[in-house]
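target_14.tsv follows (TSV, C-alpha atoms):
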```tsv
chain	number	residue	atom	x	y	z
O	1056	SER	CA	-35.43	32.04	-133.74
O	1057	ALA	CA	-34.91	29.93	-130.61
O	1058	CYS	CA	-35.47	26.71	-132.58
O	1059	ASP	CA	-32.97	27.84	-135.24
O	1060	TYR	CA	-30.44	28.54	-132.49
O	1061	ALA	CA	-30.92	25.09	-130.97
O	1062	VAL	CA	-30.54	23.33	-134.31
O	1063	ALA	CA	-27.44	25.33	-135.23
O	1064	ASN	CA	-25.64	24.99	-131.91
O	1065	SER	CA	-26.68	21.76	-130.19
O	1066	ARG	CA	-24.26	19.61	-132.23
O	1067	LYS	CA	-21.25	21.88	-131.99
O	1068	GLU	CA	-18.10	20.60	-130.31
O	1069	SER	CA	-18.36	21.15	-126.58
O	1070	ALA	CA	-15.85	22.71	-124.20
O	1071	TRP	CA	-17.45	20.65	-121.43
O	1072	GLN	CA	-17.85	16.96	-120.66
O	1073	SER	CA	-20.57	15.79	-118.28
O	1074	LYS	CA	-20.23	12.60	-116.26
O	1075	ASN	CA	-22.97	10.97	-114.22
O	1076	GLU	CA	-21.84	10.67	-110.59
O	1077	ALA	CA	-22.19	7.26	-108.97
O	1078	LEU	CA	-23.89	8.73	-105.87
O	1079	ASN	CA	-26.99	9.72	-107.86
O	1080	THR	CA	-30.19	7.89	-106.95
O	1081	GLU	CA	-33.69	7.38	-108.33
O	1082	TYR	CA	-34.71	10.34	-106.15
O	1083	ALA	CA	-34.03	14.02	-106.77
O	1084	ASP	CA	-30.34	14.90	-106.22
O	1085	PHE	CA	-29.84	18.59	-106.96
O	1086	SER	CA	-28.32	22.02	-106.28
O	1087	PRO	CA	-24.68	21.37	-105.30
O	1088	THR	CA	-22.58	23.99	-103.50
O	1089	PHE	CA	-18.94	24.16	-102.48
O	1090	LEU	CA	-18.18	23.76	-98.77
O	1091	ALA	CA	-14.50	24.00	-97.82
O	1092	GLY	CA	-13.27	21.33	-100.23
O	1093	ARG	CA	-16.45	19.28	-100.06
O	1094	ILE	CA	-19.80	19.36	-101.88
O	1095	ALA	CA	-23.10	19.95	-100.09
O	1096	TYR	CA	-26.29	19.30	-102.03
O	1097	ASN	CA	-29.99	18.55	-101.70
O	1098	SER	CA	-31.41	15.06	-102.01
O	1099	ALA	CA	-34.66	13.22	-101.41
O	1100	ARG	CA	-32.87	9.86	-101.06
O	1101	THR	CA	-34.08	7.81	-98.11
O	1102	ASP	CA	-31.07	5.65	-97.23
O	1103	VAL	CA	-28.98	8.34	-95.50
O	1104	VAL	CA	-31.57	9.41	-92.94
O	1105	ALA	CA	-34.63	7.66	-91.63
O	1106	LYS	CA	-37.66	8.51	-93.73
O	1107	LEU	CA	-39.91	10.73	-91.64
O	1108	LYS	CA	-43.63	11.11	-92.03
O	1109	SER	CA	-44.43	14.44	-93.61
O	1110	THR	CA	-47.46	16.65	-93.77
O	1111	ASP	CA	-45.64	19.13	-96.00
O	1112	SER	CA	-46.12	17.35	-99.33
O	1113	PRO	CA	-48.66	14.90	-100.75
O	1114	SER	CA	-45.96	12.38	-101.57
O	1115	GLY	CA	-44.45	12.44	-98.07
O	1116	SER	CA	-41.03	12.87	-99.70
O	1117	GLN	CA	-38.61	15.33	-98.09
O	1118	ASN	CA	-35.29	16.67	-99.26
O	1119	TYR	CA	-32.24	17.10	-97.03
O	1120	LEU	CA	-28.92	18.89	-97.19
O	1121	LEU	CA	-26.23	16.23	-97.58
O	1122	VAL	CA	-22.44	16.53	-97.80
O	1123	THR	CA	-19.91	14.47	-99.76
O	1124	GLN	CA	-16.34	14.63	-101.01
O	1125	ARG	CA	-14.31	13.07	-103.79
O	1126	ASN	CA	-12.64	9.71	-103.33
O	1127	PRO	CA	-8.92	10.48	-103.90
O	1128	GLU	CA	-8.42	7.20	-105.77
O	1129	SER	CA	-11.47	7.01	-108.04
O	1130	GLY	CA	-12.20	10.74	-108.25
O	1131	LEU	CA	-15.91	10.01	-107.72
O	1132	LEU	CA	-18.11	11.61	-105.10
O	1133	GLN	CA	-18.55	9.29	-102.12
O	1134	LYS	CA	-21.79	8.23	-100.45
O	1135	PRO	CA	-23.01	11.34	-98.61
O	1136	GLN	CA	-23.82	12.05	-95.00
O	1137	ILE	CA	-26.45	14.39	-93.64
O	1138	LEU	CA	-24.94	17.85	-93.26
O	1139	ARG	CA	-26.51	18.89	-89.96
O	1140	SER	CA	-26.87	16.66	-86.93
O	1141	GLU	CA	-30.09	18.20	-85.61
O	1142	LEU	CA	-32.38	16.17	-87.86
O	1143	GLN	CA	-35.58	17.88	-86.80
O	1144	ASN	CA	-34.38	21.11	-88.42
O	1145	THR	CA	-33.03	19.77	-91.70
O	1146	ARG	CA	-36.09	18.70	-93.69
O	1147	ASN	CA	-36.71	20.77	-96.79
O	1148	GLU	CA	-33.80	23.14	-96.23
O	1149	GLY	CA	-31.71	24.21	-99.20
O	1150	PRO	CA	-30.40	25.00	-101.69
O	1151	ALA	CA	-27.57	26.57	-99.71
O	1152	SER	CA	-24.41	28.59	-100.31
O	1153	PHE	CA	-21.37	29.14	-98.08
O	1154	SER	CA	-18.64	31.72	-97.80
O	1155	ALA	CA	-15.18	30.48	-98.81
O	1156	ASP	CA	-14.21	29.70	-95.20
O	1157	GLY	CA	-17.49	27.85	-94.59
O	1158	ARG	CA	-18.39	30.10	-91.63
O	1159	LYS	CA	-21.35	31.90	-93.24
O	1160	VAL	CA	-24.30	30.24	-94.94
O	1161	ALA	CA	-27.34	31.40	-96.88
O	1162	PHE	CA	-30.04	28.80	-97.35
O	1163	CYS	CA	-33.69	28.27	-98.24
O	1164	ARG	CA	-36.59	26.61	-96.56
O	1165	ASN	CA	-38.72	25.18	-99.32
O	1166	ASN	CA	-41.61	22.92	-100.25
O	1167	PHE	CA	-39.82	20.97	-102.98
O	1168	ILE	CA	-41.62	17.74	-103.83
O	1169	ASN	CA	-39.53	14.92	-105.27
O	1170	GLY	CA	-40.04	14.63	-109.02
O	1171	THR	CA	-41.49	18.10	-109.63
O	1172	ARG	CA	-40.07	20.79	-111.89
O	1173	GLN	CA	-38.50	23.36	-109.63
O	1174	ILE	CA	-39.45	26.64	-111.25
O	1175	ALA	CA	-42.20	29.18	-110.77
O	1176	GLU	CA	-45.18	27.52	-112.38
O	1177	THR	CA	-45.00	24.55	-109.99
O	1178	GLY	CA	-46.16	26.83	-107.16
O	1179	ILE	CA	-42.90	26.58	-105.26
O	1180	ASN	CA	-42.77	28.26	-101.86
O	1181	MET	CA	-39.29	29.29	-100.78
O	1182	SER	CA	-37.87	31.71	-98.20
O	1183	LEU	CA	-34.28	32.77	-97.63
O	1184	TYR	CA	-32.31	32.60	-94.36
O	1185	THR	CA	-28.75	33.29	-93.23
O	1186	ALA	CA	-26.70	31.84	-90.38
O	1187	GLU	CA	-23.22	31.59	-88.92
O	1188	VAL	CA	-21.40	28.25	-88.80
O	1189	ASP	CA	-19.21	27.44	-85.79
O	1190	GLU	CA	-16.09	25.27	-85.75
O	1191	ASN	CA	-18.23	22.17	-85.09
O	1192	GLY	CA	-20.46	22.80	-88.09
O	1193	LYS	CA	-23.43	23.96	-86.01
O	1194	TRP	CA	-25.55	26.74	-87.48
O	1195	LYS	CA	-26.09	29.68	-85.13
O	1196	ASN	CA	-27.88	33.03	-85.26
O	1197	ILE	CA	-30.30	31.83	-87.94
O	1198	LYS	CA	-32.13	34.86	-89.31
O	1199	ALA	CA	-34.85	35.21	-91.91
O	1200	PHE	CA	-33.81	37.44	-94.81
O	1201	PRO	CA	-35.63	40.74	-94.14
O	1202	PHE	CA	-36.86	40.98	-97.74
O	1203	ASN	CA	-38.75	37.69	-97.84
O	1204	GLY	CA	-42.44	37.99	-98.69
O	1205	SER	CA	-45.59	36.04	-98.02
O	1206	ASN	CA	-46.94	36.35	-101.58
O	1207	PHE	CA	-43.75	35.48	-103.49
O	1208	ALA	CA	-40.72	33.19	-103.28
O	1209	THR	CA	-37.12	34.11	-102.52
O	1210	GLY	CA	-34.22	31.68	-102.74
O	1211	PHE	CA	-31.43	30.02	-104.76
O	1212	PRO	CA	-28.70	32.07	-103.01
O	1213	THR	CA	-25.02	32.35	-103.88
O	1214	MET	CA	-22.58	34.09	-101.53
O	1215	SER	CA	-19.37	35.89	-102.40
O	1216	ALA	CA	-16.14	34.46	-101.00
O	1217	ASP	CA	-16.23	36.84	-98.00
O	1218	GLY	CA	-19.97	36.30	-97.39
O	1219	ASN	CA	-20.74	40.01	-97.68
O	1220	THR	CA	-22.53	39.90	-101.04
O	1221	MET	CA	-25.44	37.63	-101.84
O	1222	VAL	CA	-27.05	37.07	-105.22
O	1223	PHE	CA	-30.40	35.26	-105.28
O	1224	ALA	CA	-33.52	34.69	-107.34
O	1225	SER	CA	-37.07	35.79	-106.61
O	1226	ASN	CA	-40.42	36.01	-108.37
O	1227	GLN	CA	-41.40	39.08	-106.36
O	1228	PRO	CA	-43.55	41.76	-108.01
O	1229	GLY	CA	-41.85	44.53	-109.93
O	1230	GLY	CA	-39.40	42.39	-111.90
O	1231	PHE	CA	-39.17	41.66	-115.60
O	1232	GLY	CA	-41.32	38.52	-115.36
O	1233	GLY	CA	-41.14	35.09	-113.74
O	1234	TRP	CA	-38.04	34.72	-111.54
O	1235	ASP	CA	-35.40	37.45	-111.68
O	1236	ILE	CA	-31.92	37.63	-110.16
O	1237	TYR	CA	-31.15	40.20	-107.46
O	1238	VAL	CA	-28.11	41.28	-105.44
O	1239	THR	CA	-27.79	42.52	-101.84
O	1240	ASN	CA	-24.81	43.52	-99.69
O	1241	LEU	CA	-24.09	43.18	-95.97
O	1242	ARG	CA	-23.42	46.59	-94.45
O	1243	SER	CA	-23.09	47.21	-90.71
O	1244	GLY	CA	-24.62	43.79	-90.10
O	1245	GLU	CA	-27.73	44.44	-92.25
O	1246	TRP	CA	-28.61	43.38	-95.78
O	1247	THR	CA	-29.26	46.25	-98.19
O	1248	THR	CA	-32.46	46.52	-100.21
O	1249	PRO	CA	-32.10	44.01	-103.06
O	1250	ARG	CA	-31.29	45.41	-106.49
O	1251	ASN	CA	-32.62	43.75	-109.62
O	1252	LEU	CA	-29.66	43.00	-111.91
O	1253	GLY	CA	-31.73	44.15	-114.86
O	1254	THR	CA	-31.28	43.47	-118.56
O	1255	PRO	CA	-29.75	41.81	-120.45
O	1256	LEU	CA	-29.63	39.16	-117.69
O	1257	ASN	CA	-33.25	39.19	-116.50
O	1258	THR	CA	-36.05	38.58	-118.97
O	1259	ALA	CA	-39.79	37.94	-119.21
O	1260	GLY	CA	-39.00	34.28	-118.43
O	1261	ASN	CA	-37.33	32.65	-115.42
O	1262	GLU	CA	-33.74	33.33	-114.34
O	1263	VAL	CA	-32.72	31.14	-111.38
O	1264	THR	CA	-29.81	29.41	-109.57
O	1265	PRO	CA	-27.13	32.12	-109.79
O	1266	PHE	CA	-23.53	31.21	-108.93
O	1267	LEU	CA	-20.69	33.69	-108.37
O	1268	ASP	CA	-17.18	32.42	-109.09
O	1269	GLY	CA	-15.50	35.73	-108.25
O	1270	SER	CA	-15.44	37.27	-111.71
O	1271	ASP	CA	-18.46	35.87	-113.55
O	1272	LEU	CA	-22.06	35.04	-112.70
O	1273	TYR	CA	-23.49	31.73	-113.90
O	1274	PHE	CA	-27.27	31.28	-113.96
O	1275	SER	CA	-30.05	29.35	-115.67
O	1276	SER	CA	-32.80	30.76	-117.85
O	1277	ASP	CA	-35.70	29.41	-119.90
O	1278	TRP	CA	-36.00	32.60	-121.98
O	1279	HIS	CA	-32.55	33.32	-123.39
O	1280	LYS	CA	-31.90	31.30	-126.57
O	1281	GLY	CA	-30.94	27.75	-125.65
O	1282	PHE	CA	-31.68	24.09	-126.26
O	1283	GLY	CA	-34.95	23.82	-124.29
O	1284	GLY	CA	-36.17	24.19	-120.72
O	1285	LEU	CA	-33.68	25.88	-118.40
O	1286	ASP	CA	-30.17	26.26	-119.83
O	1287	VAL	CA	-26.98	27.47	-118.11
O	1288	PHE	CA	-25.46	30.81	-119.08
O	1289	ARG	CA	-22.45	32.89	-118.04
O	1290	ALA	CA	-22.79	36.62	-117.47
O	1291	GLU	CA	-19.81	38.96	-117.48
O	1292	LEU	CA	-20.01	41.36	-114.54
O	1293	GLY	CA	-19.21	45.04	-114.86
O	1294	ARG	CA	-18.92	47.43	-111.94
O	1295	GLU	CA	-22.57	48.39	-111.97
O	1296	ALA	CA	-24.29	46.08	-114.42
O	1297	VAL	CA	-24.13	42.80	-116.29
O	1298	SER	CA	-22.66	43.06	-119.77
O	1299	SER	CA	-22.48	40.09	-122.14
O	1300	ILE	CA	-24.42	36.81	-121.76
O	1301	PHE	CA	-22.95	33.54	-123.06
O	1302	HIS	CA	-24.69	30.17	-123.50
O	1303	LEU	CA	-22.50	27.33	-122.17
O	1304	GLY	CA	-23.41	25.09	-125.09
O	1305	PRO	CA	-23.61	21.30	-125.34
O	1306	GLY	CA	-21.97	19.18	-122.69
O	1307	VAL	CA	-23.64	21.32	-120.02
O	1308	ASN	CA	-26.96	22.14	-121.68
O	1309	SER	CA	-29.60	19.82	-123.10
O	1310	GLU	CA	-33.25	19.90	-124.15
O	1311	ARG	CA	-34.17	19.28	-120.49
O	1312	ASP	CA	-33.78	21.57	-117.46
O	1313	ASP	CA	-30.12	22.33	-116.71
O	1314	TYR	CA	-29.57	24.41	-113.60
O	1315	SER	CA	-27.64	24.84	-110.33
O	1316	PHE	CA	-24.33	24.94	-112.21
O	1317	ILE	CA	-21.26	25.57	-110.03
O	1318	PHE	CA	-17.71	26.03	-111.28
O	1319	ASP	CA	-14.33	25.52	-109.61
```
Representation of the structure as structure tokens:
Amino acid sequence: SACDYAVANSRKESAWQSKNEALNTEYADFSPTFLAGRIAYNSARTDVVAKLKSTDSPSGSQNYLLVTQRNPESGLLQKPQILRSELQNTRNEGPASFSADGRKVAFCRNNFINGTRQIAETGINMSLYTAEVDENGKWKNIKAFPFNGSNFATGFPTMSADGNTMVFASNQPGGFGGWDIYVTNLRSGEWTTPRNLGTPLNTAGNEVTPFLDGSDLYFSSDWHKGFGGLDVFRAELGREAVSSIFHLGPGVNSERDDYSFIFD
């Protein structure tokens, strides 16, 4: 059934056009997020910061949170800079998500290795944190998410515009299988117990990299019918549950892994 879907839909006319950004490198460049008119993202490129010796991965390759913006003349993303000045704290942090004003951030600390496939079966270790961002861009009051676990991964956050709702992915026990997508809310300064968003969104496969645009939830899945690997989907949000799921089709999706989609 999945193969029939791919054959029937992969050559349809697309509503999307993908362009390769000039800032991409031979290293992993992944998981963009909006930051007050700019784009922050993760990269393992070595020309922006000095390459540091690492004991965290066999390859010695680290990823960093970088920030870039569009060149007003060419429209292309410019060569990035490292997002945070305190270099000793920035290795293997991210993906991240910010509130609309850029003053709240949710982020991961991870063991991504450059060139690996970033889903559950690669043995990824990821924990979620939150922080406040001051007017100088410094992160303060960094706190571990109280529902992290030592025997499962929690990460890929997306924050609502006001920073009071957070949707994330986790492969914690008790889900539908693989990674599932959960939601939590900030009440009286504390995050509520995460709620699994359930079916039809979550499946026996992996659902990761959620993104809230205010009315819809975009995410990637390797179980819903697609073109192969992880594909990007849009979920319509009801008051209490997710209703319809839509595949974004060609232009966005391919036979490879397509994930960390964000939409302005």
Answer as an NGL selection string, residues within 7 Å of (-37.0, 31.3, -102.5) using only C-alpha atoms: :O and (1163 or 1180-1183 or 1208-1211 or 1224-1225)
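Interatomic distance, CA of Arg1146 (chain O) to CA of Arg1164 (chain O): 8.4 Å.
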Pairwise distance for CA of Gly1233 (chain O) and CA of Gly1306 (chain O), rounded to one decimal in Å: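 Answer for the CA of Gly1233 (chain O) to CA of Gly1306 (chain O) separation: 26.5 Å.
Here CA of Tyr1184 (chain O) is placed at a distance of 24.4 Å from CA of Leu1256 (chain O).
Of the residues listed (O:Glu1291, O:Asp1313, O:Glu1128, O:Asp1235), O:Asp1313 shows the shortest atom-to-atom separation from Ser1073 (chain O); distances use all atoms listed in the file.
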Selected residue, from O:Leu1078, O:Ala1091, O:Leu1138, O:Leu1272, that lies nearest to Val1104 (chain O) when counting all atoms listed in the file: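 That would be O:Leu1138, the residue with the smallest distance to Val1104 (chain O).
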